[in-house]
file my_file_16.txt (compact mmCIF, C-alpha atoms)
# COMPACT_ATOMS: atom_id res chain seq x y z
CA MET A 1 -26.00 -21.36 20.14
CA ALA A 2 -27.15 -22.49 16.67
CA VAL A 3 -30.75 -23.63 16.16
CA GLU A 4 -32.60 -26.94 16.21
CA LYS A 5 -34.38 -26.43 12.89
CA VAL A 6 -34.81 -23.87 10.14
CA THR A 7 -38.13 -22.98 8.53
CA ILE A 8 -38.34 -22.64 4.75
CA PHE A 9 -41.00 -20.32 3.40
CA PRO A 10 -41.46 -20.53 -0.40
CA CYS A 11 -43.44 -17.66 -1.88
CA GLY A 12 -46.63 -19.72 -1.98
CA GLY A 13 -47.90 -18.41 -5.29
CA ILE A 14 -49.74 -20.44 -7.90
CA GLY A 15 -50.35 -18.36 -11.02
CA ASP A 16 -46.78 -17.70 -12.09
CA PRO A 17 -44.56 -20.67 -13.04
CA VAL A 18 -41.85 -19.35 -10.72
CA SER A 19 -44.05 -20.29 -7.77
CA SER A 20 -43.64 -23.95 -8.76
CA VAL A 21 -39.88 -23.39 -8.79
CA THR A 22 -39.76 -22.00 -5.25
CA ARG A 23 -42.13 -24.73 -4.10
CA LEU A 24 -39.88 -27.41 -5.59
CA ALA A 25 -36.87 -25.79 -3.94
CA GLY A 26 -38.69 -26.22 -0.63
CA TYR A 27 -39.23 -29.93 -1.25
CA VAL A 28 -35.61 -30.41 -2.30
CA LEU A 29 -34.55 -28.87 1.01
CA ALA A 30 -37.04 -30.76 3.15
CA GLU A 31 -36.74 -34.15 1.48
CA ASP A 32 -33.26 -34.32 -0.04
CA LEU A 33 -30.74 -31.91 1.44
CA LEU A 34 -31.80 -31.30 5.04
CA ALA A 35 -34.46 -33.89 5.81
CA GLY A 36 -35.65 -33.62 9.38
CA ARG A 37 -33.84 -30.34 9.94
CA VAL A 38 -36.15 -27.96 8.12
CA GLU A 39 -39.85 -27.23 8.29
CA LEU A 40 -41.86 -26.18 5.24
CA VAL A 41 -44.46 -23.47 5.74
CA SER A 42 -46.78 -21.36 3.60
CA ILE A 43 -48.79 -18.27 4.52
CA PRO A 44 -52.44 -19.43 4.57
CA PRO A 45 -51.96 -21.82 7.52
CA ILE A 46 -50.18 -19.08 9.46
CA ILE A 47 -52.98 -16.57 9.08
CA THR A 48 -55.68 -19.13 9.70
CA GLY A 49 -53.83 -20.44 12.74
CA VAL A 50 -52.74 -24.02 12.08
CA PRO A 51 -50.75 -24.87 15.24
CA GLU A 52 -47.75 -26.66 13.65
CA GLU A 53 -47.19 -23.91 11.10
CA LEU A 54 -47.58 -21.17 13.70
CA GLU A 55 -44.97 -22.88 15.83
CA ALA A 56 -42.57 -23.29 12.90
CA VAL A 57 -42.41 -19.57 12.09
CA GLN A 58 -42.10 -18.55 15.72
CA ALA A 59 -39.63 -21.12 17.02
CA TYR A 60 -37.11 -21.25 14.17
CA PRO A 61 -35.38 -18.80 11.85
CA VAL A 62 -37.29 -18.43 8.59
CA ILE A 63 -35.66 -18.39 5.15
CA VAL A 64 -38.10 -16.88 2.66
CA LEU A 65 -37.90 -17.67 -1.05
CA ASP A 66 -39.44 -14.77 -2.97
CA GLY A 67 -40.37 -15.85 -6.47
CA CYS A 68 -41.00 -12.63 -8.35
CA GLY A 69 -41.05 -8.86 -8.12
CA HIS A 70 -44.23 -8.81 -6.06
CA ARG A 71 -42.18 -10.17 -3.11
CA CYS A 72 -45.28 -11.87 -1.66
CA GLY A 73 -43.33 -14.18 0.64
CA SER A 74 -41.61 -11.33 2.43
CA ASN A 75 -44.85 -9.37 2.58
CA ALA A 76 -46.73 -12.34 3.99
CA LEU A 77 -44.26 -12.73 6.82
CA ASN A 78 -44.41 -9.01 7.55
CA LEU A 79 -48.22 -9.25 7.75
CA VAL A 80 -47.92 -11.66 10.65
CA GLY A 81 -45.09 -9.82 12.38
CA ILE A 82 -42.32 -12.31 11.60
CA LYS A 83 -38.93 -11.13 10.38
CA PRO A 84 -37.15 -13.38 7.90
CA ALA A 85 -33.75 -14.59 9.07
CA ALA A 86 -32.68 -14.67 5.42
CA ARG A 87 -34.28 -14.04 2.07
CA LEU A 88 -33.50 -15.38 -1.38
CA PHE A 89 -34.82 -13.37 -4.31
CA THR A 90 -35.29 -15.68 -7.29
CA PRO A 91 -34.91 -13.06 -10.06
CA ARG A 92 -31.47 -12.11 -8.69
CA VAL A 93 -30.37 -15.72 -8.27
CA ARG A 94 -31.54 -16.44 -11.79
CA SER A 95 -29.55 -13.50 -13.15
CA LEU A 96 -26.47 -15.26 -11.85
CA THR A 97 -27.15 -18.89 -12.72
CA LYS A 98 -29.00 -18.23 -16.00
CA HIS A 99 -31.43 -21.12 -15.50
CA ALA A 100 -34.79 -20.18 -17.00
CA ILE A 101 -37.98 -20.42 -14.96
CA GLY A 102 -39.84 -22.08 -17.84
CA LYS A 103 -43.53 -21.99 -18.64
CA ARG A 104 -44.95 -25.13 -17.07
CA ARG A 105 -46.88 -24.68 -13.83
CA PRO A 106 -47.80 -28.14 -12.48
CA PHE A 107 -44.12 -29.09 -12.38
CA PRO A 108 -41.20 -27.07 -13.76
CA GLU A 109 -39.30 -28.00 -16.92
CA VAL A 110 -35.70 -29.13 -16.49
CA SER A 111 -34.41 -25.54 -16.55
CA GLY A 112 -36.85 -24.61 -13.79
CA GLN A 113 -35.79 -27.68 -11.81
CA LYS A 114 -32.17 -26.52 -12.12
CA LEU A 115 -33.20 -23.09 -10.84
CA ALA A 116 -34.98 -24.75 -7.92
CA LYS A 117 -31.74 -26.55 -7.13
CA ASP A 118 -29.84 -23.24 -7.34
CA LEU A 119 -32.20 -21.80 -4.73
CA ALA A 120 -32.08 -24.92 -2.59
CA GLU A 121 -28.28 -24.98 -2.61
CA ARG A 122 -28.10 -21.42 -1.34
CA ALA A 123 -30.84 -21.89 1.23
CA ALA A 124 -29.22 -25.09 2.46
CA ALA A 125 -25.85 -23.38 2.86
CA ILE A 126 -27.46 -20.63 4.93
CA ALA A 127 -29.51 -23.13 6.93
CA ARG A 128 -26.46 -25.23 7.68
CA HIS A 129 -24.72 -22.21 9.13
CA MET A 130 -27.72 -21.49 11.34
CA LEU A 131 -27.97 -25.14 12.38
CA GLU A 132 -24.29 -25.73 13.05
CA ASP A 133 -22.51 -22.51 14.02
CA PRO A 134 -22.63 -21.96 17.80
CA ALA A 135 -22.20 -18.25 17.17
CA TYR A 136 -25.50 -18.01 15.31
CA VAL A 137 -28.11 -16.49 17.61
CA PHE A 138 -31.86 -16.63 17.12
CA GLU A 139 -34.55 -15.42 19.51
CA ARG A 140 -38.04 -16.87 19.29
CA GLN A 141 -40.50 -14.56 17.55
CA ALA A 142 -44.24 -14.16 18.17
CA VAL A 143 -46.89 -13.78 15.48
CA SER A 144 -49.05 -10.70 15.68
CA PRO A 145 -51.36 -9.14 13.08
CA ASN A 146 -49.56 -6.38 11.23
CA PRO A 147 -52.01 -5.19 8.56
CA GLU A 148 -49.56 -2.69 7.13
CA GLY A 149 -49.31 -3.88 3.54
CA LEU A 150 -52.52 -5.94 3.60
CA HIS A 151 -54.01 -5.71 0.08
CA ASP A 152 -51.67 -2.75 -0.51
CA GLU A 153 -48.87 -3.35 -2.95
CA SER A 154 -47.61 0.20 -2.60
CA LEU A 155 -45.86 -0.83 0.61
CA ASP A 156 -42.10 -0.93 0.00
CA ILE A 157 -41.46 -4.25 1.68
CA GLU A 158 -37.72 -4.08 0.95
CA ALA A 159 -37.48 -0.88 2.98
CA VAL A 160 -39.80 -2.08 5.74
CA LEU A 161 -37.68 -5.18 6.34
CA GLY A 162 -34.42 -3.33 5.75
CA TYR A 163 -33.05 -5.88 3.35
CA GLU A 164 -29.37 -5.75 2.53
CA GLU A 165 -27.99 -7.92 -0.28
CA VAL A 166 -25.02 -9.81 1.14
CA GLU A 167 -24.50 -12.12 -1.85
CA THR A 168 -26.18 -12.02 -5.23
CA GLY A 169 -29.84 -12.77 -4.55
CA CYS A 170 -29.28 -13.36 -0.85
CA PHE A 171 -30.53 -10.77 1.63
CA GLN A 172 -30.10 -10.02 5.32
CA CYS A 173 -33.03 -8.52 7.23
CA THR A 174 -32.40 -5.66 9.66
CA GLY A 175 -32.33 -6.77 13.26
CA MET A 176 -31.64 -10.44 12.57
CA CYS A 177 -28.41 -12.25 13.31
CA ALA A 178 -25.89 -12.18 10.47
CA PHE A 179 -25.58 -15.47 8.60
CA LYS A 180 -22.98 -16.93 6.30
CA MET A 181 -23.46 -18.64 2.95
CA ARG A 182 -20.36 -20.70 2.43
CA ASP A 183 -19.72 -22.64 -0.74
CA ASP A 184 -20.39 -26.27 0.18
CA PRO A 185 -19.12 -29.00 -2.19
CA GLU A 186 -21.09 -31.64 -0.29
CA LEU A 187 -24.37 -29.87 -1.02
CA ARG A 188 -23.44 -29.56 -4.68
CA ARG A 189 -22.58 -33.25 -4.85
CA MET A 190 -25.90 -34.19 -3.26
CA LEU A 191 -27.79 -32.00 -5.72
CA GLU A 192 -25.95 -33.43 -8.69
CA GLU A 193 -26.08 -37.09 -7.66
CA ASP A 194 -29.22 -37.45 -5.58
CA VAL A 195 -31.72 -34.99 -7.01
CA GLU A 196 -32.73 -36.23 -10.41
CA GLU A 197 -33.97 -33.81 -13.03
CA ILE A 198 -37.07 -35.17 -14.68
CA GLU A 199 -37.86 -34.50 -18.32
CA ASP A 200 -41.29 -36.08 -18.44
CA LEU A 201 -43.39 -37.22 -15.50
CA GLY A 202 -45.51 -39.35 -17.82
CA MET B 203 -75.03 -10.77 -12.38
CA ALA B 204 -74.47 -13.71 -14.69
CA VAL B 205 -71.26 -15.65 -14.41
CA ARG B 206 -68.70 -15.62 -17.20
CA ARG B 207 -65.71 -16.92 -15.34
CA ILE B 208 -64.95 -18.75 -12.15
CA CYS B 209 -62.12 -18.21 -9.72
CA MET B 210 -60.14 -21.20 -8.44
CA HIS B 211 -58.80 -20.72 -4.94
CA ALA B 212 -56.53 -23.58 -3.87
CA CYS B 213 -55.71 -23.81 -0.18
CA GLY B 214 -52.10 -22.71 -0.63
CA GLY B 215 -50.56 -25.26 1.68
CA ILE B 216 -47.31 -27.05 1.02
CA THR B 217 -46.93 -29.81 3.59
CA ARG B 218 -49.79 -32.16 2.71
CA VAL B 219 -50.77 -34.13 -0.37
CA GLY B 220 -54.18 -32.47 -0.35
CA ALA B 221 -52.57 -29.09 -0.98
CA THR B 222 -50.78 -30.45 -4.03
CA VAL B 223 -54.02 -31.98 -5.27
CA ALA B 224 -55.72 -28.59 -4.89
CA ARG B 225 -52.97 -26.94 -6.88
CA LEU B 226 -52.97 -29.53 -9.67
CA ALA B 227 -56.75 -29.54 -9.94
CA THR B 228 -56.65 -25.80 -10.34
CA TYR B 229 -54.23 -26.06 -13.24
CA THR B 230 -56.29 -28.79 -14.87
CA VAL B 231 -59.42 -26.67 -14.77
CA ALA B 232 -57.62 -23.53 -15.95
CA GLU B 233 -55.44 -25.07 -18.64
CA GLU B 234 -57.49 -28.00 -19.95
CA LEU B 235 -61.14 -28.10 -18.95
CA LEU B 236 -62.24 -24.46 -18.86
CA PRO B 237 -59.49 -22.37 -20.44
CA GLU B 238 -60.36 -18.68 -20.82
CA LYS B 239 -63.12 -19.16 -18.26
CA THR B 240 -61.00 -19.80 -15.20
CA LEU B 241 -59.04 -17.39 -13.06
CA ILE B 242 -56.43 -18.64 -10.62
CA SER B 243 -56.47 -16.93 -7.27
CA CYS B 244 -53.07 -16.59 -5.66
CA ALA B 245 -53.36 -16.25 -1.89
CA PRO B 246 -50.04 -14.47 -1.23
CA ALA B 247 -50.61 -12.06 -4.14
CA PHE B 248 -54.15 -11.42 -2.87
CA LEU B 249 -52.74 -10.54 0.53
CA ARG B 250 -50.04 -8.45 -1.11
CA GLY B 251 -52.68 -6.45 -2.94
CA VAL B 252 -51.73 -7.34 -6.51
CA GLU B 253 -54.65 -5.73 -8.31
CA GLU B 254 -55.70 -8.60 -10.55
CA ASP B 255 -55.55 -11.06 -7.66
CA VAL B 256 -57.82 -8.89 -5.54
CA LEU B 257 -60.28 -8.17 -8.33
CA MET B 258 -60.70 -11.76 -9.47
CA VAL B 259 -62.13 -12.97 -6.16
CA LEU B 260 -64.49 -10.00 -6.05
CA LYS B 261 -65.76 -10.32 -9.61
CA SER B 262 -66.19 -14.08 -9.99
CA PRO B 263 -67.59 -16.90 -7.85
CA SER B 264 -64.82 -18.76 -6.07
CA PHE B 265 -64.26 -22.48 -5.80
CA ALA B 266 -62.28 -23.08 -2.63
CA LEU B 267 -60.27 -26.30 -2.62
CA ASP B 268 -59.32 -27.19 0.95
CA GLY B 269 -56.51 -29.70 1.17
CA CYS B 270 -57.13 -30.62 4.79
CA GLU B 271 -59.48 -30.03 7.68
CA TRP B 272 -57.89 -26.68 8.51
CA SER B 273 -59.67 -25.28 5.46
CA CYS B 274 -57.19 -22.51 4.77
CA GLY B 275 -58.61 -21.87 1.30
CA THR B 276 -62.09 -21.14 2.55
CA ASN B 277 -60.86 -19.49 5.73
CA LEU B 278 -58.51 -17.04 4.05
CA LEU B 279 -61.35 -15.85 1.81
CA TYR B 280 -63.67 -15.61 4.80
CA MET B 281 -61.18 -13.41 6.62
CA ALA B 282 -61.32 -11.01 3.70
CA GLY B 283 -65.12 -10.92 3.72
CA ILE B 284 -65.54 -13.34 0.81
CA THR B 285 -67.59 -16.53 0.84
CA PRO B 286 -66.81 -19.16 -1.77
CA ALA B 287 -69.62 -20.33 -4.01
CA VAL B 288 -68.47 -23.91 -3.57
CA ARG B 289 -66.06 -25.55 -1.19
CA PHE B 290 -64.31 -28.88 -1.68
CA LEU B 291 -62.92 -30.67 1.37
CA LEU B 292 -60.48 -32.86 -0.48
CA PRO B 293 -59.71 -35.64 2.04
CA GLU B 294 -63.43 -36.31 2.44
CA TYR B 295 -64.03 -36.16 -1.29
CA ALA B 296 -61.10 -38.50 -1.89
CA GLU B 297 -62.46 -41.08 0.50
CA ALA B 298 -65.92 -40.88 -1.03
CA GLN B 299 -64.51 -41.27 -4.53
CA GLY B 300 -62.32 -44.20 -3.58
CA PHE B 301 -58.91 -42.51 -3.70
CA ASP B 302 -56.33 -43.33 -1.03
CA LEU B 303 -54.07 -40.30 -0.67
CA SER B 304 -51.85 -41.86 2.00
CA GLY B 305 -49.25 -42.87 -0.58
CA GLY B 306 -49.61 -39.79 -2.74
CA SER B 307 -46.74 -37.46 -3.55
CA ARG B 308 -46.88 -33.86 -2.42
CA ARG B 309 -43.88 -33.05 -4.62
CA PHE B 310 -44.61 -34.67 -7.97
CA PRO B 311 -47.81 -34.53 -10.05
CA SER B 312 -47.96 -38.27 -10.42
CA GLY B 313 -49.82 -41.38 -9.27
CA VAL B 314 -52.86 -40.95 -7.07
CA THR B 315 -52.08 -37.27 -6.55
CA GLN B 316 -52.52 -36.63 -10.27
CA GLU B 317 -55.44 -39.02 -10.72
CA PHE B 318 -57.42 -37.53 -7.85
CA ALA B 319 -56.59 -33.98 -8.97
CA ARG B 320 -58.18 -34.77 -12.33
CA ALA B 321 -61.30 -36.16 -10.65
CA VAL B 322 -61.60 -33.00 -8.57
CA ALA B 323 -61.05 -30.82 -11.62
CA GLU B 324 -63.75 -32.63 -13.56
CA ARG B 325 -66.26 -32.22 -10.73
CA VAL B 326 -65.37 -28.53 -10.44
CA ALA B 327 -65.75 -28.04 -14.18
CA GLY B 328 -69.13 -29.77 -14.11
CA ILE B 329 -70.45 -27.40 -11.47
CA ALA B 330 -68.86 -24.40 -13.16
CA GLU B 331 -70.37 -25.24 -16.55
CA GLY B 332 -73.79 -25.16 -14.92
CA MET B 333 -73.08 -21.78 -13.34
CA MET B 334 -71.92 -20.33 -16.65
CA ALA B 335 -74.54 -21.98 -18.87
CA ARG B 336 -76.06 -19.68 -21.47
CA GLY B 337 -79.51 -18.68 -20.26
CA GLY B 338 -78.81 -20.12 -16.85
CA THR B 339 -80.28 -18.67 -13.70
CA TYR B 340 -77.23 -18.67 -11.43
CA GLN B 341 -76.52 -15.19 -10.14
CA PHE B 342 -73.37 -13.97 -8.48
CA HIS B 343 -73.34 -11.02 -6.09
CA ARG B 344 -70.06 -9.22 -5.69
CA PRO B 345 -68.73 -9.23 -2.15
CA GLU B 346 -66.95 -6.35 -0.47
CA LEU B 347 -63.36 -6.74 0.52
CA LYS B 348 -62.88 -6.48 4.28
CA MET B 349 -59.74 -6.25 6.35
CA GLN B 350 -60.24 -8.29 9.48
CA PRO B 351 -56.85 -9.05 11.00
CA ASP B 352 -58.61 -9.44 14.35
CA LYS B 353 -59.84 -12.78 13.00
CA TRP B 354 -56.38 -14.11 12.16
CA PHE B 355 -54.69 -16.98 14.03
CA ARG B 356 -58.00 -18.57 14.92
CA THR B 357 -57.17 -22.18 15.58
CA ALA B 358 -60.25 -24.26 14.70
CA PRO B 359 -60.65 -26.79 11.90
CA ASN B 360 -63.44 -27.11 9.33
CA MET B 361 -64.69 -23.53 9.68
CA GLU B 362 -66.43 -24.55 12.88
CA GLY B 363 -68.57 -21.80 14.32
CA ILE B 364 -67.99 -19.32 11.51
CA MET B 365 -69.54 -20.75 8.34
CA GLU B 366 -72.35 -23.21 7.74
CA PHE B 367 -72.67 -25.39 4.69
CA VAL B 368 -75.04 -27.51 2.70
CA ARG B 369 -73.36 -30.78 1.83
CA LEU B 370 -74.04 -31.59 -1.82
CA GLU B 371 -72.17 -34.86 -1.54
CA PRO B 372 -69.32 -36.01 0.69
CA GLY B 373 -66.52 -33.48 0.30
CA VAL B 374 -68.50 -30.95 -1.76
CA TYR B 375 -70.21 -28.10 0.05
CA ARG B 376 -72.08 -24.89 -0.62
CA PRO B 377 -72.08 -22.23 2.10
CA VAL B 378 -75.68 -21.71 3.19
CA THR B 379 -75.52 -18.01 2.43
CA MET B 380 -74.55 -18.55 -1.21
CA PRO B 381 -76.98 -19.09 -4.11
CA LEU B 382 -78.19 -22.58 -4.89
CA LEU B 383 -76.12 -24.24 -7.56
CA PRO B 384 -77.82 -25.10 -10.85
CA GLU B 385 -77.56 -28.82 -10.13
CA GLU B 386 -79.43 -28.31 -6.85
CA ASN B 387 -82.31 -26.74 -8.75
CA ALA B 388 -82.33 -29.06 -11.70
CA GLY B 389 -81.19 -32.35 -10.27
CA PRO B 390 -78.23 -34.28 -11.60
CA SER B 391 -76.98 -33.08 -14.95
CA PRO B 392 -74.55 -34.86 -17.24
CA THR B 393 -71.50 -33.09 -15.90
CA ARG B 394 -67.99 -33.97 -16.99
CA ALA B 395 -67.55 -35.99 -13.81
CA SER B 396 -70.76 -37.92 -14.15
CA ARG B 397 -70.07 -38.55 -17.82
CA ALA B 398 -66.65 -39.84 -16.87
CA ARG B 399 -68.14 -42.01 -14.15
CA ALA B 400 -70.69 -43.38 -16.59
CA GLY B 401 -67.80 -44.29 -18.83
CA GLY B 402 -66.20 -46.17 -16.00
CA SER B 403 -63.03 -44.11 -15.70
CA LEU B 404 -63.83 -42.91 -12.19
CA PRO B 405 -65.22 -44.69 -9.15
CA ALA B 406 -68.97 -44.45 -8.70
CA ALA B 407 -70.16 -41.58 -6.53
CA ASP B 408 -73.31 -40.91 -4.62
CA PRO B 409 -74.25 -37.37 -5.63
CA ALA B 410 -76.62 -35.98 -3.06
CA VAL B 411 -78.17 -33.26 -5.15
CA GLY B 412 -81.52 -31.53 -4.91
CA GLY B 413 -80.99 -29.60 -1.74
CA GLY B 414 -78.25 -31.53 -0.02
CA GLU B 415 -77.74 -31.85 3.68
CA GLU B 416 -77.12 -28.88 5.95
CA VAL B 417 -74.12 -29.32 8.17
call {"tool": "encode", "arguments": {"input": "my_file_16.txt", "output": "structure tokens"}}
result
Amino acid sequence: MAVEKVTIFPCGGIGDPVSSVTRLAGYVLAEDLLAGRVELVSIPPIITGVPEELEAVQAYPVIVLDGCGHRCGSNALNLVGIKPAARLFTPRVRSLTKHAIGKRRPFPEVSGQKLAKDLAERAAAIARHMLEDPAYVFERQAVSPNPEGLHDESLDIEAVLGYEEVETGCFQCTGMCAFKMRDDPELRRMLEEDVEEIEDLG
Amino acid sequence: MAVRRICMHACGGITRVGATVARLATYTVAEELLPEKTLISCAPAFLRGVEEDVLMVLKSPSFALDGCEWSCGTNLLYMAGITPAVRFLLPEYAEAQGFDLSGGSRRFPSGVTQEFARAVAERVAGIAEGMMARGGTYQFHRPELKMQPDKWFRTAPNMEGIMEFVRLEPGVYRPVTMPLLPEENAGPSPTRASRARAGGSLPAADPAVGGGEEV
């Protein structure tokens, strides 16, 4: 039946430069690759109850972009009882593409921007499958407090969500409809031609 | 206990310009204005239980930067039993300071987004310098971490009904239960922001100090 929209959930961090990479990947998806077809969401508005954000994680499949080994994005969704439809794990994607995260936090260096595009390309390919394949099935989810893992990093979030790596850095969550991540030359062209890498913002 | 460092707690949003301002202001304080004296609170890591991210909001006074009326920065702390020492409501502060965020970028640290972030950072640093002043009287009392998932998903803007504030000036608030800020006791001091304003690089403000207005 496909879906009307897909929700993108970058890790939402701030201290580690990789959080600026996942955040930029979200903007590339929402503004450049799939404008109007994805919603961007972060965890604080979900927990505090902002209506639009609550609706976005319940009504559409969520692709979470975990930035680092803490896996805060996945954990945050688990805290509110939402299962990710797909998960990209930045350290694994980076191991494949070799684009460095960089050190700058307000806005990534060119290498970090390339890594953001690597993430966005994969997320867009998955999202397109969800948006366009009639065989993709998604059932609306409902938020509910799930304090398992609240302020407790000992929780093995990988095991809790039953992640299975289906492509390098790309994970399926137990109980969610299988997705495909096809190579898409059109997405690559858009990223190369339309998404400029910026050396210096001035 | 005396204050040696402050904790910056940006709202953590992604959809609005105010959230990007909160994020950039945090970096400006931590990397330029008060390096070594500023901790950056990461909301998802705090929820995850990353030790340093939990400890920093318990050991240092927090500055919550709320990017919109939903006040997720302040609210997320509140839900964990923590009250910020100071809260900025950025859209209100922007209007009062003469910044129009309607054309600002949420994606790039440029233009009015960057300019307003610096103004916020300078005001934060001015307050923080007073709190950390050698021989100062500001005292911080460590809160206790609470788990209150029963309070999640509460749909109400501006902390209505759960936290009361003293308005120091438009967009800058102190929760009524938190200690008076040094500038409330001493009157206006030559903070970074006021020095910058005196130099003409920022729009004139109307600092309502000396007790403020309870709201």
call {"tool": "atom_distance", "arguments": {"input": "my_file_16.txt", "atom1": "CA of Gly169 in chain A", "atom2": "CA of Phe9 in chain A"}}
result
15.6 Å
call {"tool": "residues_around", "arguments": {"input": "my_file_16.txt", "residues": "range 84-94 of chain A", "least_positions_apart": "6", "cutoff": "6 Å", "atoms": "only C-alpha atoms", "output": "PyMOL selection string"}}
result
chain A and resi 61-67+169-172+176
call {"tool": "closest_atom_pairs", "arguments": {"input": "my_file_16.txt", "of": "chain B", "to": "chain A", "cutoff": "6 Å", "atoms": "all atoms listed in the file", "output": "CSV"}}
result
residue,atom,partner,partner_atom,distance
B:Gly215,CA,A:Ser42,CA,5.8
B:Cys244,CA,A:Gly13,CA,5.5
B:Pro246,CA,A:Cys72,CA,5.4
B:Ala247,CA,A:Cys72,CA,5.9
B:Leu249,CA,A:His151,CA,5.0
B:Arg250,CA,A:His151,CA,5.0
B:Gly251,CA,A:His151,CA,3.4
B:Cys274,CA,A:Pro44,CA,5.7
B:Pro351,CA,A:Pro145,CA,5.9
B:Trp354,CA,A:Ile47,CA,5.2
B:Phe355,CA,A:Gly49,CA,3.8
B:Arg356,CA,A:Gly49,CA,5.1
B:Thr357,CA,A:Gly49,CA,4.7
call {"tool": "residues_around", "arguments": {"input": "my_file_16.txt", "residues": "Ala287 in chain B", "least_positions_apart": "5", "cutoff": "12 Å", "atoms": "all atoms listed in the file", "output": "JSON, numbers by chain"}}
result
{"B": [205, 208, 209, 210, 211, 259, 260, 262, 263, 264, 265, 266, 267, 276, 279, 280, 326, 329, 330, 333, 340, 341, 342, 343, 344, 345, 367, 368, 374, 375, 376, 377, 378, 379, 380, 381, 382, 383, 384]}
call {"tool": "residues_around", "arguments": {"input": "my_file_16.txt", "residues": "range 96-101 of chain A", "least_positions_apart": "2", "cutoff": "8 Å", "atoms": "all atoms listed in the file", "output": "PyMOL selection string"}}
result
chain A and resi 17-18+21+92-94+103+108-109+111-112+114-115+118+168
call {"tool": "closest_residue", "arguments": {"input": "my_file_16.txt", "among": "A:Ala127, A:Met181, A:Ala135, A:Ala142", "to": "Leu33 in chain A", "atoms": "only C-alpha atoms"}}
result
A:Ala127
call {"tool": "atom_distance", "arguments": {"input": "my_file_16.txt", "atom1": "CA of Ala25 in chain A", "atom2": "CA of Thr240 in chain B"}}
result
27.3 Å
call {"tool": "residues_around", "arguments": {"input": "my_file_16.txt", "residues": "Arg308 in chain B", "least_positions_apart": "4", "cutoff": "10 Å", "atoms": "all atoms listed in the file", "output": "count of residues only"}}
result
12
call {"tool": "atom_distance", "arguments": {"input": "my_file_16.txt", "atom1": "CA of Lys5 in chain A", "atom2": "CA of Ala120 in chain A"}}
result
15.7 Å
call {"tool": "residues_around", "arguments": {"input": "my_file_16.txt", "residues": "Val137 in chain A", "least_positions_apart": "2", "cutoff": "9 Å", "atoms": "all atoms listed in the file", "output": "ChimeraX atom specification"}}
result
/A:1-3,130,133-135,139,176-178
call {"tool": "closest_residue", "arguments": {"input": "my_file_16.txt", "among": "A:Arg122, A:Gly69, A:Glu158, A:Glu165", "to": "Arg188 in chain A", "atoms": "all atoms listed in the file"}}
result
A:Arg122
call {"tool": "closest_residue", "arguments": {"input": "my_file_16.txt", "among": "B:Phe248, B:Tyr295, B:Phe301, B:Phe290", "to": "Ser273 in chain B", "atoms": "only C-alpha atoms"}}
result
B:Phe290
call {"tool": "axis_aligned_box", "arguments": {"input": "my_file_16.txt", "around": "range 56-63 of chain A", "padding_each_side": "3 Å", "output": "JSON"}}
result
{"center_x": -39.0, "center_y": -20.8, "center_z": 11.1, "size_x": 13.2, "size_y": 10.9, "size_z": 17.9}
call {"tool": "residues_near_point", "arguments": {"input": "my_file_16.txt", "point": "(-76.1, -15.8, -16.8)", "cutoff": "7 Å", "atoms": "only C-alpha atoms", "output": "ChimeraX atom specification"}}
result
/B:203-205,334-341
call {"tool": "closest_residue", "arguments": {"input": "my_file_16.txt", "among": "B:Ala358, B:Leu236, B:Leu226, B:Ala212", "to": "Arg309 in chain B", "atoms": "all atoms listed in the file"}}
result
B:Leu226
